[in-house]
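This is query39.txt (compact mmCIF, C-alpha atoms).
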```
# COMPACT_ATOMS: atom_id res chain seq x y z
CA MET A 15 -1.88 11.43 -39.00
CA THR A 16 -2.61 15.07 -38.06
CA LYS A 17 -1.66 18.05 -40.22
CA GLU A 18 0.83 19.19 -37.56
CA LYS A 19 2.67 15.85 -37.65
CA ASN A 20 2.71 15.89 -41.46
CA ASP A 21 4.15 19.44 -41.49
CA GLU A 22 6.81 18.32 -39.01
CA VAL A 23 7.94 15.58 -41.36
CA MET A 24 7.96 17.92 -44.36
CA GLU A 25 10.06 20.48 -42.47
CA ASN A 26 12.69 17.83 -41.75
CA SER A 27 12.62 16.33 -45.25
CA SER A 28 14.28 19.06 -47.33
CA ASN A 29 17.56 17.14 -47.53
CA LEU A 30 16.04 13.66 -47.96
CA ASN A 31 15.15 11.72 -51.09
CA LYS A 32 11.63 10.49 -51.86
CA GLU A 33 12.10 7.03 -50.28
CA GLU A 34 13.46 8.49 -47.03
CA VAL A 35 10.61 10.98 -46.83
CA GLN A 36 8.05 8.20 -47.28
CA GLU A 37 9.79 6.12 -44.59
CA MET A 38 9.55 9.03 -42.15
CA LEU A 39 5.87 9.48 -42.98
CA ASP A 40 5.23 5.77 -42.39
CA GLU A 41 7.01 5.86 -39.02
CA LYS A 42 5.03 8.90 -37.84
CA GLN A 43 1.80 7.30 -38.99
CA ALA A 44 2.61 4.12 -37.00
CA GLU A 45 3.42 6.17 -33.88
CA PHE A 46 0.14 8.06 -34.23
CA LYS A 47 -1.90 4.83 -34.55
CA THR A 48 -0.14 3.24 -31.56
CA ALA A 49 -0.73 6.29 -29.34
CA ASN A 50 -4.40 6.46 -30.25
CA SER A 51 -5.05 2.73 -29.86
CA SER A 52 -3.39 2.74 -26.42
CA ALA A 53 -5.50 5.67 -25.28
CA LYS A 54 -8.72 3.96 -26.35
CA GLU A 55 -7.82 0.47 -25.14
CA PRO A 56 -10.21 -0.51 -22.32
CA LYS A 57 -8.66 -1.27 -18.95
CA LYS A 58 -9.64 -4.11 -16.68
CA ARG A 59 -10.80 -2.99 -13.25
CA TRP A 60 -12.28 -4.53 -10.11
CA TYR A 61 -16.01 -4.05 -9.57
CA VAL A 62 -18.11 -4.87 -6.51
CA VAL A 63 -21.29 -6.87 -7.07
CA HIS A 64 -24.10 -7.06 -4.52
CA THR A 65 -25.75 -10.46 -4.06
CA TYR A 66 -28.60 -12.02 -2.14
CA SER A 67 -27.53 -12.82 1.42
CA GLY A 68 -25.84 -16.21 1.65
CA HIS A 69 -25.55 -16.56 -2.15
CA GLU A 70 -21.98 -15.25 -2.53
CA ASN A 71 -20.35 -18.60 -3.32
CA LYS A 72 -23.25 -19.63 -5.57
CA VAL A 73 -22.82 -16.41 -7.53
CA LYS A 74 -19.10 -17.11 -7.92
CA VAL A 75 -19.77 -20.63 -9.27
CA ASN A 76 -22.63 -19.50 -11.54
CA LEU A 77 -20.68 -16.56 -12.94
CA GLU A 78 -17.59 -18.66 -13.66
CA LYS A 79 -19.78 -21.13 -15.56
CA ARG A 80 -21.36 -18.30 -17.58
CA ILE A 81 -17.94 -16.85 -18.40
CA GLU A 82 -16.85 -20.20 -19.83
CA TYR A 83 -20.15 -20.94 -21.61
CA MET A 84 -20.42 -17.47 -23.18
CA ASN A 85 -16.68 -17.22 -24.05
CA MET A 86 -16.17 -14.09 -21.95
CA GLY A 87 -12.74 -15.02 -20.57
CA ASP A 88 -11.19 -12.10 -22.48
CA LYS A 89 -13.39 -9.59 -20.62
CA ILE A 90 -14.13 -11.14 -17.21
CA PHE A 91 -10.98 -12.43 -15.52
CA ARG A 92 -11.45 -13.19 -11.81
CA VAL A 93 -14.33 -13.68 -9.38
CA GLU A 94 -13.47 -13.52 -5.66
CA VAL A 95 -15.39 -14.01 -2.42
CA PRO A 96 -12.99 -12.84 0.35
CA GLN A 97 -13.13 -15.25 3.30
CA LYS A 98 -11.31 -16.08 6.53
CA THR A 99 -11.03 -19.33 8.48
CA ILE A 100 -12.76 -19.60 11.84
CA THR A 101 -11.79 -22.46 14.18
CA LYS A 102 -14.38 -23.22 16.83
CA VAL A 103 -13.44 -25.34 19.83
CA LYS A 104 -16.30 -27.02 21.67
CA ASP A 105 -16.03 -29.90 24.12
CA GLY A 106 -12.37 -30.21 23.19
CA LYS A 107 -13.13 -30.71 19.48
CA LYS A 108 -12.03 -28.32 16.74
CA GLN A 109 -14.32 -27.38 13.87
CA ASP A 110 -13.19 -25.16 10.98
CA ARG A 111 -15.50 -23.04 8.89
CA GLU A 112 -15.07 -20.29 6.31
CA GLU A 113 -16.55 -16.89 7.16
CA LYS A 114 -17.07 -14.19 4.53
CA ILE A 115 -15.26 -10.94 5.20
CA PHE A 116 -17.86 -8.91 3.25
CA PRO A 117 -21.20 -10.74 3.42
CA GLY A 118 -23.44 -9.95 0.47
CA TYR A 119 -20.65 -8.86 -1.89
CA VAL A 120 -18.54 -10.46 -4.62
CA LEU A 121 -15.49 -8.93 -6.35
CA VAL A 122 -15.21 -9.20 -10.15
CA GLU A 123 -12.17 -8.19 -12.21
CA MET A 124 -13.37 -7.27 -15.68
CA ILE A 125 -13.33 -4.93 -18.65
CA MET A 126 -16.65 -3.12 -18.41
CA ASP A 127 -18.78 -2.92 -21.56
CA ASP A 128 -22.37 -3.79 -22.48
CA ASP A 129 -21.62 -7.49 -22.99
CA SER A 130 -19.63 -8.07 -19.79
CA TRP A 131 -22.12 -5.98 -17.79
CA TYR A 132 -24.98 -8.16 -19.09
CA VAL A 133 -23.20 -11.44 -18.23
CA VAL A 134 -22.49 -10.38 -14.63
CA ARG A 135 -25.71 -8.49 -13.94
CA HIS A 136 -27.92 -11.36 -15.14
CA THR A 137 -26.13 -14.08 -13.18
CA ALA A 138 -28.47 -15.85 -10.75
CA GLY A 139 -28.15 -14.31 -7.26
CA VAL A 140 -26.76 -10.94 -8.40
CA THR A 141 -28.91 -7.95 -7.42
CA LYS A 142 -26.80 -5.05 -8.70
CA PHE A 143 -23.38 -3.50 -9.19
CA VAL A 144 -22.12 -1.01 -6.63
CA GLY A 145 -22.73 2.34 -8.31
CA SER A 146 -25.62 3.60 -10.39
CA ALA A 147 -27.81 1.17 -12.36
CA LYS A 148 -26.39 2.39 -15.67
CA LYS A 149 -22.81 3.13 -14.60
CA PRO A 150 -21.08 0.76 -12.14
CA ILE A 151 -18.24 2.38 -10.24
CA PRO A 152 -14.89 0.51 -10.23
CA ALA A 153 -13.27 -0.10 -6.86
CA LYS A 154 -10.10 1.79 -6.03
CA ASP A 155 -6.93 -0.22 -6.68
CA ALA A 156 -5.63 0.59 -3.19
CA GLU A 157 -8.81 -0.84 -1.62
CA ILE A 158 -8.57 -4.07 -3.63
CA LYS A 159 -4.90 -4.51 -2.72
CA LYS A 160 -5.76 -4.15 0.98
CA ILE A 161 -8.56 -6.71 0.71
CA ILE A 162 -6.47 -9.27 -1.18
CA HIS A 163 -3.52 -8.75 1.21
CA ARG A 164 -5.85 -9.18 4.16
CA VAL A 165 -7.12 -12.49 2.78
CA GLN A 166 -3.62 -13.77 2.00
CA THR A 167 -2.25 -12.88 5.45
CA GLN A 168 -5.39 -13.68 7.43
CA THR A 169 -4.55 -15.64 10.56
CA THR A 170 -6.99 -18.26 11.74
CA LYS A 171 -9.47 -16.92 14.27
CA ILE A 172 -10.41 -19.28 17.10
CA GLU A 173 -13.81 -19.34 18.78
CA LEU A 174 -13.99 -21.05 22.17
CA ASP A 175 -17.14 -22.00 24.05
CA VAL A 176 -16.16 -20.34 27.35
CA LYS A 177 -17.59 -17.67 29.65
CA VAL A 178 -16.70 -15.78 32.80
CA GLY A 179 -16.56 -18.18 35.77
CA ASP A 180 -15.47 -21.25 33.77
CA LYS A 181 -12.36 -23.14 34.78
CA VAL A 182 -9.67 -23.78 32.16
CA ARG A 183 -6.45 -25.74 32.04
CA ILE A 184 -3.45 -23.89 30.63
CA ILE A 185 -1.66 -26.14 28.11
CA SER A 186 1.22 -23.92 26.93
CA GLY A 187 3.33 -20.97 28.04
CA PRO A 188 4.90 -20.21 31.45
CA PHE A 189 1.72 -21.26 33.32
CA ALA A 190 1.28 -24.62 31.58
CA ASP A 191 -0.56 -27.25 33.72
CA PHE A 192 -2.10 -24.61 35.98
CA ILE A 193 -5.87 -24.32 36.41
CA GLY A 194 -7.38 -20.84 36.04
CA ASP A 195 -10.75 -19.19 36.62
CA ILE A 196 -11.92 -16.97 33.74
CA THR A 197 -12.58 -13.36 34.75
CA GLU A 198 -12.87 -11.68 31.33
CA VAL A 199 -13.37 -12.89 27.73
CA TYR A 200 -12.32 -11.04 24.52
CA PRO A 201 -13.92 -13.00 21.63
CA ASP A 202 -12.84 -10.48 18.97
CA LYS A 203 -9.18 -11.06 19.95
CA SER A 204 -9.49 -14.79 20.77
CA LYS A 205 -8.11 -14.02 24.24
CA LEU A 206 -9.25 -14.07 27.86
CA ARG A 207 -8.07 -13.18 31.35
CA ALA A 208 -8.01 -15.67 34.20
CA THR A 209 -6.74 -15.85 37.76
CA VAL A 210 -4.24 -18.57 38.59
CA SER A 211 -3.26 -19.60 42.12
CA ILE A 212 0.53 -19.40 42.36
CA PHE A 213 2.14 -20.03 45.79
CA GLY A 214 -1.26 -19.47 47.37
CA ARG A 215 -1.74 -16.10 45.72
CA GLU A 216 -4.30 -15.32 42.99
CA THR A 217 -2.43 -14.00 39.95
CA PRO A 218 -4.20 -12.53 36.88
CA VAL A 219 -2.89 -13.73 33.50
CA GLU A 220 -3.88 -13.04 29.91
CA LEU A 221 -4.14 -16.08 27.67
CA GLU A 222 -4.87 -16.86 24.04
CA TYR A 223 -7.60 -19.37 23.26
CA LYS A 224 -5.03 -21.75 21.79
CA GLN A 225 -3.25 -21.87 25.18
CA ILE A 226 -6.16 -23.36 27.12
CA GLN A 227 -8.58 -26.23 27.41
CA LYS A 228 -11.94 -25.98 29.11
CA VAL A 229 -12.08 -28.10 32.27
```
Written form, structure tokens:
Amino acid sequence: MTKEKNDEVMENSSNLNKEEVQEMLDEKQAEFKTANSSAKEPKKRWYVVHTYSGHENKVKVNLEKRIEYMNMGDKIFRVEVPQKTITKVKDGKKQDREEKIFPGYVLVEMIMDDDSWYVVRHTAGVTKFVGSAKKPIPAKDAEIKKIIHRVQTQTTKIELDVKVGDKVRIISGPFADFIGDITEVYPDKSKLRATVSIFGRETPVELEYKQIQKV
């Protein structure tokens, strides 16, 4: 306990007996230890690890095995590879695949010290931490929250093997059962525009991939 804290106790102890004074000293000492231990207690943070291209999932598996084998579960907590589901429709058949949101990167939640740094950095497939070689930079909490929220709320993206000029059958919505000719395709939005003949008049409509089938 500091001299200032000790003087504070002594100033307030003039009307107390010896036992009460000692009790006050013990309480102040406990408060001082708690404050100092909290200030020095390391905090877990998210760090971004760069990997060889296409090795993100392998790094996740390898690192999780190393954490278990080297008893590092108290310093390395989570390993994440943010992904989204892509549904590709070809010849009327659907195929799902996982696509990485940040190719070449893996997120690791950990308490950074020499031991945890060594375990992560020397995992097969890892090339470096984001930051300097000696001092990795933790990711901002706001950025990590956005990434995790994006993964949790990610809607399935559909890829359709269509192009301008193709004919499609509309299977849902107000133009269901009509045949349309594609005039524009927006792959990034999983949408397209087509012209539909209604009462002998060509009418442009915007459709989602899930609303059509290729004829």
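Taking all atoms listed in the file into account, Val176 of chain A lies nearest to A:Lys205 out of the set A:Lys98, A:Lys58, A:Lys74, A:Lys205.
Counting all atoms listed in the file and comparing A:Ala190, A:Met124, A:Leu174, A:Ala138, the residue that lies closest to Lys102 of chain A is A:Leu174.
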Q: Between atom CA of Val133 of chain A and atom CA of Val63 of chain A, measure the distance and give it in Å to one decimal.
A: 12.2 Å
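Minimum atom-to-atom distance to Phe189 of chain A, evaluated using all atoms listed in the file, belongs to A:Gln225 out of A:Asp175, A:Glu123, A:Glu157, A:Gln225.
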Produce the centre coordinates and the three edge lengths, each in Å to one decimal, of the box along x, y and z that contains all listed atoms of segment 173-188 of chain A with 5 Å added on each side, as JSON.
```
{"center_x": -6.3, "center_y": -21.0, "center_z": 27.3, "size_x": 32.5, "size_y": 20.4, "size_z": 27.0}
```
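For the residues A:Arg59, A:Arg164, A:Arg215, A:Lys159, ranking by smallest atom-to-atom distance to Asp127 of chain A using all atoms listed in the file places A:Arg59 first.
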Q) Can you list, as a list in words, every protein, DNA or RNA residue that comes within 12 Å of Ile162 of chain A when you count only C-alpha atoms, leaving out same-chain residues fewer than 4 positions away? A) Trp60, Glu94, Val95, Pro96, Gln97, Lys98, Ile115, Leu121, Asp155, Ala156, Glu157, Ile158, Gln166, Thr167 and Gln168 of chain A
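Closest to Val62 of chain A among A:Val210, A:Asp128, A:Lys142, A:Gln109 is A:Lys142, based on all atoms listed in the file.
Of note, atom CA of Tyr119 of chain A and atom CA of His64 of chain A are spaced 4.7 Å apart.
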Q.
Counting all atoms listed in the file, which residue out of A:Thr137, A:Gln227, A:Thr101, A:Ser211 sits closest to Lys72 of chain A?
A. A:Thr137
